[in-house]
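**Q** So here's work_6.cif, just mmCIF, C-alpha atoms and all ligand atoms:
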```cif
data_input
loop_
_atom_site.label_atom_id
_atom_site.label_comp_id
_atom_site.auth_asym_id
_atom_site.auth_seq_id
_atom_site.Cartn_x
_atom_site.Cartn_y
_atom_site.Cartn_z
CA MET S 1 -7.90 7.62 1.02
CA VAL S 2 -8.29 9.19 4.42
CA GLN S 3 -9.06 12.89 4.24
CA LEU S 4 -10.53 14.18 7.46
CA THR S 5 -11.67 17.57 6.17
CA LEU S 6 -14.23 18.42 3.51
CA PRO S 7 -13.10 19.41 -0.01
CA ARG S 8 -13.11 23.13 -0.65
CA ASN S 9 -16.39 23.24 -2.57
CA SER S 10 -18.12 21.35 0.26
CA LYS S 11 -17.23 23.52 3.25
CA LEU S 12 -20.34 24.72 5.01
CA VAL S 13 -21.25 28.33 5.60
CA THR S 14 -23.94 29.80 7.85
CA GLY S 15 -27.11 30.22 5.83
CA LYS S 16 -30.45 31.79 6.36
CA THR S 17 -32.36 31.95 9.65
CA TRP S 18 -36.01 31.57 8.77
CA PRO S 19 -38.59 33.52 10.77
CA LYS S 20 -40.25 31.89 13.77
CA PRO S 21 -43.86 30.86 13.15
CA GLU S 22 -46.24 33.35 14.69
CA GLY S 23 -48.12 32.50 17.87
CA ALA S 24 -46.24 29.24 18.30
CA ALA S 25 -46.80 27.41 21.57
CA LYS S 26 -43.72 25.14 21.62
CA LEU S 27 -40.76 26.04 19.44
CA LYS S 28 -37.83 23.84 18.49
CA LYS S 29 -34.77 24.83 16.49
CA PHE S 30 -33.57 22.78 13.51
CA LYS S 31 -30.30 23.28 11.66
CA ILE S 32 -30.65 21.87 8.17
CA TYR S 33 -28.13 21.31 5.36
CA ARG S 34 -28.97 23.21 2.18
CA TYR S 35 -27.48 23.06 -1.28
CA SER S 36 -29.01 24.01 -4.57
CA PRO S 37 -27.31 23.08 -7.88
CA GLU S 38 -28.91 26.09 -9.61
CA GLU S 39 -27.62 28.60 -7.09
CA GLY S 40 -24.30 26.74 -6.74
CA GLY S 41 -21.85 28.15 -4.22
CA GLN S 42 -21.06 26.64 -0.84
CA PRO S 43 -23.58 24.44 0.96
CA ARG S 44 -25.04 26.14 4.02
CA TRP S 45 -26.70 25.53 7.37
CA ASP S 46 -30.17 27.05 7.47
CA THR S 47 -31.97 27.54 10.76
CA PHE S 48 -35.67 26.75 11.03
CA TRP S 49 -38.10 27.08 13.92
CA VAL S 50 -40.89 24.54 14.14
CA ASP S 51 -44.04 24.71 16.22
CA LEU S 52 -44.05 21.23 17.72
CA THR S 53 -47.72 21.44 18.67
CA LYS S 54 -48.59 21.68 14.97
CA CYS S 55 -46.27 18.94 13.86
CA GLY S 56 -46.38 15.13 13.92
CA PRO S 57 -44.06 13.12 16.17
CA MET S 58 -41.34 12.16 13.70
CA VAL S 59 -38.42 14.04 12.18
CA LEU S 60 -40.02 13.44 8.78
CA ASP S 61 -43.07 15.35 10.06
CA VAL S 62 -40.76 18.24 10.90
CA LEU S 63 -39.43 18.29 7.33
CA ILE S 64 -42.95 18.16 5.93
CA TYR S 65 -43.98 20.97 8.30
CA ILE S 66 -41.11 23.11 7.03
CA LYS S 67 -41.89 22.32 3.40
CA ASN S 68 -45.58 23.17 3.91
CA ASN S 69 -45.22 26.22 6.13
CA VAL S 70 -41.80 27.77 5.79
CA ASP S 71 -39.77 26.90 2.72
CA PRO S 72 -41.39 24.84 -0.07
CA SER S 73 -38.04 24.45 -1.81
CA LEU S 74 -36.61 22.15 0.89
CA ALA S 75 -35.77 18.86 -0.85
CA PHE S 76 -35.74 15.42 0.77
CA ARG S 77 -36.73 11.89 -0.20
CA ARG S 78 -39.60 10.01 1.34
CA SER S 79 -42.22 7.55 0.25
CA CYS S 80 -43.72 5.07 2.70
CA ARG S 81 -43.41 7.20 5.88
CA GLU S 82 -43.42 3.96 7.89
CA GLY S 83 -39.91 2.56 7.76
CA VAL S 84 -40.19 0.10 4.89
CA CYS S 85 -38.98 1.91 1.77
CA GLY S 86 -35.64 3.24 2.99
CA SER S 87 -35.85 6.51 1.05
CA CYS S 88 -35.81 8.97 3.96
CA ALA S 89 -32.41 8.03 5.39
CA MET S 90 -30.33 11.00 6.54
CA ASN S 91 -28.05 12.15 9.32
CA ILE S 92 -30.13 13.34 12.26
CA GLY S 93 -28.45 14.68 15.39
CA GLY S 94 -25.12 13.24 14.26
CA ASN S 95 -26.17 9.70 13.42
CA ASN S 96 -27.74 8.13 10.36
CA THR S 97 -31.27 6.88 10.54
CA ILE S 98 -34.58 7.07 8.71
CA ALA S 99 -36.51 10.27 9.40
CA CYS S 100 -39.94 8.65 9.37
CA THR S 101 -39.37 6.40 12.38
CA LYS S 102 -37.16 8.76 14.39
CA GLY S 103 -39.13 10.83 16.86
CA TRP S 104 -37.85 14.39 17.30
CA ASP S 105 -38.22 13.87 21.04
CA GLU S 106 -35.66 11.05 20.81
CA VAL S 107 -32.93 13.40 19.61
CA ALA S 108 -30.94 15.07 22.38
CA GLY S 109 -30.04 18.75 22.44
CA ASN S 110 -31.76 22.11 21.99
CA THR S 111 -30.99 22.20 18.30
CA ILE S 112 -31.47 19.21 16.03
CA THR S 113 -29.05 19.05 13.13
CA ILE S 114 -30.18 17.37 9.91
CA ALA S 115 -27.73 16.63 7.10
CA PRO S 116 -27.70 14.29 4.09
CA LEU S 117 -26.13 10.83 4.48
CA PRO S 118 -22.40 11.42 5.01
CA HIS S 119 -19.56 11.50 2.49
CA LEU S 120 -21.66 11.38 -0.68
CA PRO S 121 -22.14 13.83 -3.55
CA VAL S 122 -25.14 16.01 -2.74
CA VAL S 123 -27.77 16.37 -5.45
CA ARG S 124 -29.83 18.92 -3.51
CA ASP S 125 -30.41 19.65 0.19
CA LEU S 126 -30.95 16.29 1.93
CA VAL S 127 -30.82 14.26 -1.28
CA PRO S 128 -27.47 12.50 -1.85
CA ASP S 129 -26.37 10.59 -4.95
CA LEU S 130 -26.56 6.85 -4.19
CA THR S 131 -25.47 5.54 -7.61
CA ASN S 132 -22.34 3.88 -6.24
CA PHE S 133 -24.30 2.34 -3.35
CA TYR S 134 -26.77 0.71 -5.73
CA ALA S 135 -24.00 -0.47 -8.05
CA GLN S 136 -22.42 -2.23 -5.06
CA HIS S 137 -25.71 -3.88 -4.27
CA ALA S 138 -25.95 -5.09 -7.87
CA TYR S 139 -22.37 -6.38 -7.64
CA VAL S 140 -23.26 -8.97 -4.98
CA GLN S 141 -25.99 -10.37 -7.27
CA PRO S 142 -28.81 -10.30 -4.74
CA PHE S 143 -30.90 -13.08 -6.25
CA LEU S 144 -31.10 -16.87 -6.16
CA LYS S 145 -28.50 -18.59 -8.32
CA THR S 146 -28.86 -22.30 -9.05
CA ASP S 147 -27.47 -24.97 -11.41
CA THR S 148 -29.81 -27.84 -10.70
CA PRO S 149 -32.97 -27.91 -12.82
CA GLU S 150 -35.83 -26.00 -11.31
CA PRO S 151 -38.17 -28.08 -9.16
CA GLU S 152 -41.75 -28.43 -10.27
CA LYS S 153 -43.05 -26.37 -7.39
CA GLU S 154 -40.99 -24.11 -5.13
CA TRP S 155 -37.38 -24.46 -3.93
CA LYS S 156 -37.95 -26.01 -0.53
CA GLN S 157 -36.42 -24.84 2.70
CA SER S 158 -36.76 -26.20 6.24
CA GLU S 159 -37.88 -23.91 9.01
CA ASP S 160 -34.35 -23.82 10.42
CA GLN S 161 -32.90 -22.98 7.03
CA ARG S 162 -35.41 -20.20 6.63
CA ASN S 163 -34.59 -18.87 10.10
CA GLU S 164 -31.00 -18.31 8.97
CA LEU S 165 -32.33 -15.41 6.89
CA ASN S 166 -33.84 -13.61 9.86
CA GLY S 167 -32.00 -10.41 10.62
CA LEU S 168 -30.88 -10.23 6.99
CA TYR S 169 -33.93 -10.16 4.74
CA GLU S 170 -35.41 -7.19 6.62
CA CYS S 171 -32.86 -4.77 5.18
CA ILE S 172 -34.61 -1.86 3.42
CA LEU S 173 -31.43 -0.63 1.66
CA CYS S 174 -31.63 2.76 3.28
CA ALA S 175 -27.81 3.14 3.19
CA SER S 176 -27.65 4.41 6.77
CA CYS S 177 -25.09 1.74 7.64
CA SER S 178 -22.75 2.07 4.67
CA THR S 179 -22.60 5.85 4.90
CA SER S 180 -21.94 5.64 8.66
CA CYS S 181 -18.78 3.63 8.15
CA PRO S 182 -15.39 5.41 8.19
CA SER S 183 -13.92 2.61 6.08
CA TYR S 184 -16.63 3.29 3.53
CA TRP S 185 -15.99 7.04 3.73
CA TRP S 186 -12.31 6.60 2.93
CA ASN S 187 -12.59 3.69 0.48
CA GLY S 188 -16.16 3.70 -0.75
CA ASP S 189 -15.00 3.07 -4.31
CA LYS S 190 -13.29 -0.23 -3.41
CA TYR S 191 -14.91 -1.43 -0.17
CA LEU S 192 -18.45 -2.73 -0.74
CA GLY S 193 -19.77 -1.42 2.58
CA PRO S 194 -21.99 -3.00 5.24
CA ALA S 195 -25.31 -2.91 3.35
CA ALA S 196 -24.03 -4.73 0.25
CA LEU S 197 -22.12 -7.21 2.40
CA LEU S 198 -25.14 -7.95 4.56
CA GLN S 199 -26.98 -8.77 1.34
CA ALA S 200 -24.04 -10.85 0.13
CA TYR S 201 -24.27 -12.88 3.34
CA ARG S 202 -28.05 -13.18 2.97
CA TRP S 203 -27.45 -15.12 -0.28
CA LEU S 204 -24.35 -16.96 0.93
CA ILE S 205 -26.31 -18.47 3.80
CA ASP S 206 -29.46 -19.23 1.80
CA SER S 207 -29.79 -23.03 1.72
CA ARG S 208 -31.28 -22.92 -1.79
CA ASP S 209 -28.47 -20.95 -3.38
CA GLU S 210 -25.85 -22.93 -5.30
CA ALA S 211 -23.32 -20.21 -6.08
CA THR S 212 -21.62 -19.97 -2.67
CA GLY S 213 -18.10 -20.52 -4.05
CA GLU S 214 -18.53 -17.97 -6.82
CA ARG S 215 -20.01 -15.46 -4.41
CA LEU S 216 -17.04 -15.82 -2.07
CA ASP S 217 -14.64 -15.48 -5.02
CA ASP S 218 -16.30 -12.18 -5.88
CA LEU S 219 -15.50 -10.82 -2.41
CA GLU S 220 -11.92 -12.08 -2.26
CA ASP S 221 -9.62 -9.07 -2.52
CA PRO S 222 -7.97 -6.71 -0.01
CA PHE S 223 -10.80 -4.18 -0.16
CA LYS S 224 -14.29 -5.47 -1.00
CA LEU S 225 -14.74 -7.38 2.26
CA TYR S 226 -11.62 -6.97 4.34
CA ARG S 227 -11.82 -3.21 4.73
CA CYS S 228 -14.31 -3.95 7.49
CA HIS S 229 -12.41 -3.35 10.75
CA THR S 230 -15.45 -3.98 12.97
CA ILE S 231 -15.83 -0.31 13.80
CA MET S 232 -19.50 -1.15 14.49
CA ASN S 233 -21.08 2.12 13.33
CA CYS S 234 -23.29 0.08 10.98
CA ALA S 235 -24.86 -1.96 13.76
CA GLN S 236 -25.14 1.11 15.98
CA VAL S 237 -27.20 3.04 13.45
CA CYS S 238 -29.28 0.51 11.49
CA PRO S 239 -32.87 1.73 11.91
CA LYS S 240 -34.14 -1.83 11.44
CA GLY S 241 -31.93 -3.15 14.24
CA LEU S 242 -29.90 -5.37 11.90
CA ASN S 243 -26.25 -6.19 12.43
CA PRO S 244 -24.17 -5.89 9.26
CA ALA S 245 -20.93 -6.12 11.29
CA LYS S 246 -21.88 -9.61 12.44
CA ALA S 247 -22.88 -10.71 8.94
CA ILE S 248 -19.51 -9.50 7.66
CA ALA S 249 -17.67 -11.41 10.41
CA LYS S 250 -19.54 -14.51 9.28
CA ILE S 251 -18.48 -13.99 5.66
CA LYS S 252 -14.86 -13.65 6.82
CA HIS S 253 -15.36 -16.94 8.65
CA MET S 254 -16.67 -18.63 5.50
CA MET S 255 -13.59 -17.38 3.64
CA VAL S 256 -11.29 -19.01 6.19
CA GLU S 257 -13.29 -22.19 6.36
CA ARG S 258 -13.25 -22.90 2.67
CA VAL S 259 -9.43 -22.87 2.48
CA SER S 260 -8.90 -24.91 5.64
CA MET L 1 -14.06 8.41 -3.38
CA SER L 2 -11.48 10.35 -1.47
CA SER L 3 -11.97 14.00 -0.69
CA GLY L 4 -8.33 14.71 -1.51
CA ASP L 5 -9.05 14.43 -5.21
CA TRP L 6 -12.74 15.30 -5.14
CA THR L 7 -13.51 16.37 -8.70
CA ASP L 8 -17.30 16.30 -8.44
CA PRO L 9 -18.77 19.79 -8.94
CA ARG L 10 -21.37 18.87 -6.33
CA PRO L 11 -20.43 19.18 -2.66
CA MET L 12 -19.50 16.17 -0.53
CA SER L 13 -21.88 15.77 2.38
CA PRO L 14 -20.31 16.31 5.82
CA HIS L 15 -19.03 13.20 7.61
CA LEU L 16 -16.71 13.63 10.61
CA GLN L 17 -17.94 17.22 10.77
CA VAL L 18 -21.42 16.11 11.86
CA TRP L 19 -20.83 12.62 13.19
CA LYS L 20 -21.57 11.86 16.83
CA PRO L 21 -19.23 8.97 17.64
CA HIS L 22 -20.27 5.87 19.56
CA LEU L 23 -17.97 4.25 22.09
CA THR L 24 -17.30 1.45 19.63
CA MET L 25 -16.02 3.92 17.04
CA ALA L 26 -13.78 5.54 19.64
CA ALA L 27 -12.42 2.14 20.67
CA SER L 28 -11.69 1.29 17.05
CA ILE L 29 -9.61 4.41 16.45
CA THR L 30 -7.90 3.92 19.83
CA GLN L 31 -7.02 0.38 18.79
CA ARG L 32 -5.36 1.79 15.67
CA ILE L 33 -3.51 4.55 17.54
CA THR L 34 -2.28 2.24 20.32
CA GLY L 35 -1.19 -0.25 17.66
CA VAL L 36 0.99 2.37 16.01
CA ALA L 37 2.28 3.57 19.40
CA LEU L 38 3.24 0.02 20.37
CA TYR L 39 5.08 -0.39 17.12
CA PHE L 40 7.37 2.52 18.02
CA GLY L 41 7.39 1.65 21.72
CA THR L 42 8.84 -1.73 20.80
CA PHE L 43 11.91 0.02 19.36
CA LEU L 44 12.50 1.72 22.70
CA ILE L 45 12.05 -1.49 24.66
CA THR L 46 14.39 -3.25 22.25
CA ALA L 47 16.97 -0.51 22.76
CA TRP L 48 16.66 -0.97 26.53
CA VAL L 49 17.01 -4.77 26.34
CA PHE L 50 19.93 -4.37 23.98
CA ALA L 51 21.65 -1.91 26.32
CA LEU L 52 21.00 -4.25 29.24
CA ALA L 53 22.85 -7.01 27.41
CA MET L 54 25.92 -4.89 26.73
CA PRO L 55 29.01 -5.96 28.69
CA ALA L 56 29.75 -3.79 31.72
CA LYS L 57 32.86 -1.61 31.81
CA ALA L 58 36.09 -2.94 33.30
CA ASP L 59 35.45 -1.20 36.64
CA GLY L 60 32.00 -2.81 36.91
CA ALA L 61 30.01 0.31 35.94
CA PRO L 62 27.18 -0.30 33.43
CA ALA L 63 27.86 0.19 29.74
CA GLU L 64 27.65 3.72 28.33
CA CYS L 65 24.53 3.13 26.26
CA TYR L 66 22.74 1.62 29.26
CA THR L 67 23.38 4.75 31.29
CA VAL L 68 21.97 6.88 28.47
CA ILE L 69 18.80 4.81 28.11
CA GLU L 70 18.41 4.54 31.87
CA SER L 71 18.56 8.33 32.20
CA ILE L 72 15.88 8.72 29.52
CA ILE L 73 13.60 6.17 31.16
CA SER L 74 13.94 7.64 34.64
CA SER L 75 13.31 11.22 33.49
CA VAL L 76 9.81 12.63 33.94
CA PHE L 77 9.27 12.46 30.18
CA GLY L 78 10.41 8.83 30.14
CA GLN L 79 8.14 7.94 33.04
CA ILE L 80 5.12 9.49 31.33
CA LEU L 81 6.02 7.61 28.18
CA LEU L 82 6.20 4.34 30.11
CA VAL L 83 2.82 4.82 31.77
CA LEU L 84 1.25 5.67 28.41
CA TRP L 85 2.96 2.68 26.90
CA ALA L 86 1.55 0.41 29.63
CA ALA L 87 -1.94 1.84 29.02
CA ALA L 88 -1.52 1.27 25.28
CA VAL L 89 -0.42 -2.35 25.81
CA LEU L 90 -3.37 -3.04 28.09
CA PHE L 91 -5.91 -1.41 25.81
CA HIS L 92 -4.57 -3.18 22.77
CA LEU L 93 -4.59 -6.48 24.64
CA ALA L 94 -8.17 -6.17 25.90
CA ASN L 95 -9.47 -4.91 22.57
CA GLY L 96 -7.45 -7.55 20.74
CA ILE L 97 -9.15 -10.29 22.74
CA ARG L 98 -12.44 -8.70 21.80
CA HIS L 99 -11.50 -8.87 18.12
CA LEU L 100 -10.78 -12.59 18.57
CA LEU L 101 -14.22 -13.11 20.08
CA TRP L 102 -15.83 -11.09 17.30
CA ASP L 103 -14.10 -12.98 14.51
CA GLY L 104 -14.08 -16.43 16.11
CA PRO L 105 -17.32 -17.27 17.92
CA HIS L 106 -19.00 -13.98 16.74
CA LEU L 107 -19.64 -12.86 20.30
CA GLY L 108 -20.37 -9.32 21.47
CA PHE L 109 -21.88 -7.86 18.33
CA GLU L 110 -24.99 -6.52 19.98
CA PRO L 111 -24.50 -2.70 19.93
CA LYS L 112 -25.13 -2.21 23.67
CA THR L 113 -22.80 -5.07 24.61
CA ALA L 114 -20.15 -3.77 22.24
CA SER L 115 -20.39 -0.24 23.70
CA ALA L 116 -20.15 -1.51 27.28
CA TRP L 117 -17.19 -3.63 26.31
CA SER L 118 -15.45 -0.63 24.75
CA ALA L 119 -15.93 1.32 27.98
CA PHE L 120 -14.49 -1.61 29.92
CA ASN L 121 -11.40 -1.68 27.70
CA TYR L 122 -10.68 1.99 28.45
CA ILE L 123 -11.15 1.47 32.18
CA PHE L 124 -9.00 -1.66 32.11
CA ALA L 125 -6.19 0.24 30.36
CA ILE L 126 -6.27 3.25 32.69
CA VAL L 127 -6.68 1.34 35.96
CA GLY L 128 -4.18 -1.29 34.86
CA ALA L 129 -1.53 1.26 33.90
CA ALA L 130 -2.04 3.09 37.19
CA ALA L 131 -1.68 -0.18 39.12
CA ILE L 132 1.53 -1.07 37.29
CA TRP L 133 2.93 2.38 37.97
CA PHE L 134 2.12 2.18 41.68
CA ALA L 135 3.54 -1.32 41.90
CA ALA L 136 6.76 -0.19 40.23
CA ALA L 137 7.05 2.94 42.36
CA TYR L 138 6.20 1.58 45.78
CA ILE L 139 6.80 -2.14 45.87
S1 LIG F 1 -28.61 -2.99 7.06
FE1 LIG F 1 -29.93 -1.52 8.13
S2 LIG F 1 -28.88 0.45 7.87
FE2 LIG F 1 -28.00 -0.93 6.36
S3 LIG F 1 -29.17 -0.54 4.48
FE3 LIG F 1 -30.15 -2.29 5.55
S4 LIG F 1 -31.74 -1.37 6.82
FE4 LIG F 1 -30.40 0.31 6.20
S1 LIG F 2 -40.28 7.18 4.14
FE1 LIG F 2 -40.00 5.05 3.76
S2 LIG F 2 -38.48 4.52 5.22
FE2 LIG F 2 -38.91 6.57 5.74
#
```
Show me the file's structure as structure tokens.
**A**
Amino acid sequence: MVQLTLPRNSKLVTGKTWPKPEGAAKLKKFKIYRYSPEEGGQPRWDTFWVDLTKCGPMVLDVLIYIKNNVDPSLAFRRSCREGVCGSCAMNIGGNNTIACTKGWDEVAGNTITIAPLPHLPVVRDLVPDLTNFYAQHAYVQPFLKTDTPEPEKEWKQSEDQRNELNGLYECILCASCSTSCPSYWWNGDKYLGPAALLQAYRWLIDSRDEATGERLDDLEDPFKLYRCHTIMNCAQVCPKGLNPAKAIAKIKHMMVERVS
Amino acid sequence: MSSGDWTDPRPMSPHLQVWKPHLTMAASITQRITGVALYFGTFLITAWVFALAMPAKADGAPAECYTVIESIISSVFGQILLVLWAAAVLFHLANGIRHLLWDGPHLGFEPKTASAWSAFNYIFAIVGAAAIWFAAAYI
């Protein structure tokens, strides 16, 4: 359902302005979303000042700087810090991306706003609840399904067949795309979202997979696939440069082709 | 999960409140709005065509309902409506062709291409509507 405003318990209030670091050479202002389940109450925008000369080049470095030097209670996810694990996805300067590969100098404006991935329940600060997102990934059964007896060695694929998977297998499941999508915001319980659909296509197009028909059946309803209206936010934000919108268009094509 | 019946005790993270829209997102919502506008605009056009087809009065003057519709259309409000309607038709047409190319040959998915194309659709609609208005007014 479309609801343009935030529910009452989610409306943001102005929070704390943390002191500027002393003797800083180059200051930058960051507005960061805060919510603590223990304190409860409304979520708030806290203001932090970061000395850029003492901080690494990425937005993740900024968060680590704040955690180390200003407020140790700031919560965010991260693991690989090199764009392969997908844990540090968040909304930076108004668009979703992963904090560890986004340079703070790439974000326009005097103040950089950092919020959790949009339209999700917030566990704490920049940590959203992705349970539904993962369930949708599980729904598309992202693994090889075959009927023929297993070959003695590997399932073979030609180079061309393997190339079909380029632009799909690289997905790190960061959820930037799905949580950027207005269709997913309004119907995230019924529409699978760009990330899950990109994965669905990755298995639909895999020459070794033998469950194409079943997979298409699983997507055939008014919501799961067809809520994609090619709004293109997914492709605009994907930090790995993938194009879920295009993969979804190709699934729609497969749907048409199998009935004609 | 709709925010209208949000029962989670935890807050919902901000969406439209923080989002910085791309041109493609703007074009998508414009496509929806112009679609709805055209739906209602079609009623008006139908009313006009219908009035046009009404038999004239005995003395040769146009039918009553035609005079009414004609006076609405030629009023300032009616003229503005017509220009907006023309812009909506043109935008919907250009963006509709784009949807065909997206869904058929899967062309134009590259984000930069898609953004440029969105900008073009807006320009096409505005320039086109202006051209139609000038043509109607001066030719
Ligand atoms: S397609 Fe891109 S944005 Fe979406 S989950 Fe995968 S890596 Fe993240
Ligand atoms: S920390 Fe792994 S993707 Fe950013």
**Q** Name all residues at most 7 Å from Ala235 (chain S) (count only C-alpha atoms; drop same-chain ones fewer than 2 positions away) and give them as an MDAnalysis selection string.
**A** (chainID S and resid 232:233 237:238 242:245) or (chainID L and resid 111)
**Q** Just give me the residues with any atom within 6 Å of (-9.3, 8.8, 1.4), file coordinates, counting only C-alpha atoms, written as a PyMOL selection string.
**A** (chain S and resi 1-3+186) or (chain L and resi 2)
**Q** Which residue out of S:Leu144, S:Met255, S:Asn95, S:Trp203 has the minimum interatomic distance to ligand LIG 1 (chain F) when all atoms listed in the file are used?
**A** S:Asn95
**Q** Please extract the residues at most 6 Å from ligand LIG 1 (chain F), counting all atoms listed in the file, and provide them as a list in words, using the chain letters and residue numbers of this document.
**A**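 After applying the 6 Å limit, what remains is Cys171, Ile172, Leu173, Cys174, Ala175, Ser176, Cys177, Ala195, Cys238, Pro239, Lys240, Leu242 and Pro244 of chain S.
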**Q** Would you mind exporting the chosen residues as a PDB file, keeping the file's coordinate frame, restricted to C-alpha atoms?
**A**
```
ATOM      1  CA  CYS S 171     -32.860  -4.770   5.180  1.00  0.00           C
ATOM      2  CA  ILE S 172     -34.610  -1.860   3.420  1.00  0.00           C
ATOM      3  CA  LEU S 173     -31.430  -0.630   1.660  1.00  0.00           C
ATOM      4  CA  CYS S 174     -31.630   2.760   3.280  1.00  0.00           C
ATOM      5  CA  ALA S 175     -27.810   3.140   3.190  1.00  0.00           C
ATOM      6  CA  SER S 176     -27.650   4.410   6.770  1.00  0.00           C
ATOM      7  CA  CYS S 177     -25.090   1.740   7.640  1.00  0.00           C
ATOM      8  CA  ALA S 195     -25.310  -2.910   3.350  1.00  0.00           C
ATOM      9  CA  CYS S 238     -29.280   0.510  11.490  1.00  0.00           C
ATOM     10  CA  PRO S 239     -32.870   1.730  11.910  1.00  0.00           C
ATOM     11  CA  LYS S 240     -34.140  -1.830  11.440  1.00  0.00           C
ATOM     12  CA  LEU S 242     -29.900  -5.370  11.900  1.00  0.00           C
ATOM     13  CA  PRO S 244     -24.170  -5.890   9.260  1.00  0.00           C
TER      14      PRO S 244
END
```
**Q** Find the residues around Leu44 (chain L) up to 12 Å (all atoms listed in the file counted), leave out those fewer than 2 positions away in its own chain, and share them as an NGL selection string.
**A** :L and (37-42 or 46-51 or 69-70 or 72-73 or 78 or 81-82 or 85)
**Q** Give me, as JSON lines, each residue of chain S that comes within 8 Å of ligand LIG 2 (chain F), together with its shortest interatomic pair and the distance in Å at one decimal, counting only C-alpha atoms and all ligand atoms, with rows ordered by chain and rising residue number.
**A**
```
{"residue": "S:Leu60", "atom": "CA", "partner": "F:LIG2", "partner_atom": "FE2", "distance": 7.6}
{"residue": "S:Arg77", "atom": "CA", "partner": "F:LIG2", "partner_atom": "S1", "distance": 7.3}
{"residue": "S:Arg78", "atom": "CA", "partner": "F:LIG2", "partner_atom": "S1", "distance": 4.0}
{"residue": "S:Ser79", "atom": "CA", "partner": "F:LIG2", "partner_atom": "S1", "distance": 4.4}
{"residue": "S:Cys80", "atom": "CA", "partner": "F:LIG2", "partner_atom": "FE1", "distance": 3.9}
{"residue": "S:Arg81", "atom": "CA", "partner": "F:LIG2", "partner_atom": "S1", "distance": 3.6}
{"residue": "S:Glu82", "atom": "CA", "partner": "F:LIG2", "partner_atom": "FE1", "distance": 5.5}
{"residue": "S:Gly83", "atom": "CA", "partner": "F:LIG2", "partner_atom": "S2", "distance": 3.5}
{"residue": "S:Val84", "atom": "CA", "partner": "F:LIG2", "partner_atom": "S2", "distance": 4.8}
{"residue": "S:Cys85", "atom": "CA", "partner": "F:LIG2", "partner_atom": "FE1", "distance": 3.9}
{"residue": "S:Gly86", "atom": "CA", "partner": "F:LIG2", "partner_atom": "S2", "distance": 3.8}
{"residue": "S:Ser87", "atom": "CA", "partner": "F:LIG2", "partner_atom": "FE1", "distance": 5.2}
{"residue": "S:Cys88", "atom": "CA", "partner": "F:LIG2", "partner_atom": "FE2", "distance": 4.3}
{"residue": "S:Ala89", "atom": "CA", "partner": "F:LIG2", "partner_atom": "FE2", "distance": 6.7}
{"residue": "S:Ile98", "atom": "CA", "partner": "F:LIG2", "partner_atom": "FE2", "distance": 5.3}
{"residue": "S:Ala99", "atom": "CA", "partner": "F:LIG2", "partner_atom": "FE2", "distance": 5.7}
{"residue": "S:Cys100", "atom": "CA", "partner": "F:LIG2", "partner_atom": "FE2", "distance": 4.3}
{"residue": "S:Thr101", "atom": "CA", "partner": "F:LIG2", "partner_atom": "FE2", "distance": 6.7}
{"residue": "S:Ile172", "atom": "CA", "partner": "F:LIG2", "partner_atom": "S2", "distance": 7.7}
{"residue": "S:Cys174", "atom": "CA", "partner": "F:LIG2", "partner_atom": "S2", "distance": 7.3}
```
**Q** Kindly save the residues from that selection, with C-alpha atoms included, as a PDB file, in the frame of the given file.
**A**
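Generated output (part_1.pdb):
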```
ATOM      1  CA  LEU S  60     -40.020  13.440   8.780  1.00  0.00           C
ATOM      2  CA  ARG S  77     -36.730  11.890  -0.200  1.00  0.00           C
ATOM      3  CA  ARG S  78     -39.600  10.010   1.340  1.00  0.00           C
ATOM      4  CA  SER S  79     -42.220   7.550   0.250  1.00  0.00           C
ATOM      5  CA  CYS S  80     -43.720   5.070   2.700  1.00  0.00           C
ATOM      6  CA  ARG S  81     -43.410   7.200   5.880  1.00  0.00           C
ATOM      7  CA  GLU S  82     -43.420   3.960   7.890  1.00  0.00           C
ATOM      8  CA  GLY S  83     -39.910   2.560   7.760  1.00  0.00           C
ATOM      9  CA  VAL S  84     -40.190   0.100   4.890  1.00  0.00           C
ATOM     10  CA  CYS S  85     -38.980   1.910   1.770  1.00  0.00           C
ATOM     11  CA  GLY S  86     -35.640   3.240   2.990  1.00  0.00           C
ATOM     12  CA  SER S  87     -35.850   6.510   1.050  1.00  0.00           C
ATOM     13  CA  CYS S  88     -35.810   8.970   3.960  1.00  0.00           C
ATOM     14  CA  ALA S  89     -32.410   8.030   5.390  1.00  0.00           C
ATOM     15  CA  ILE S  98     -34.580   7.070   8.710  1.00  0.00           C
ATOM     16  CA  ALA S  99     -36.510  10.270   9.400  1.00  0.00           C
ATOM     17  CA  CYS S 100     -39.940   8.650   9.370  1.00  0.00           C
ATOM     18  CA  THR S 101     -39.370   6.400  12.380  1.00  0.00           C
ATOM     19  CA  ILE S 172     -34.610  -1.860   3.420  1.00  0.00           C
ATOM     20  CA  CYS S 174     -31.630   2.760   3.280  1.00  0.00           C
TER      21      CYS S 174
END
```
**Q** Just need the residues of chain S within 7 Å of chain L, counting only C-alpha atoms, so spit them out as a list in words.
**A**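 Putting it all together, I get Met1, Val2, Gln3, Leu4, Leu6, Pro7, Asn9, Ser10, Gly94, Asn95, Pro116, Leu117, Pro118, His119, Leu120, Pro121, Val122, Val123, Trp186, Asn187, Gly188, Asp189, Ile231, Met232, Asn233, Ala235, Gln236, Lys246 and Ala249 of chain S.
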**Q** Would you compute the distance between CA of Ile32 (chain S) and CA of Met90 (chain S)? Give it in Å to one decimal.
**A** 11.0 Å
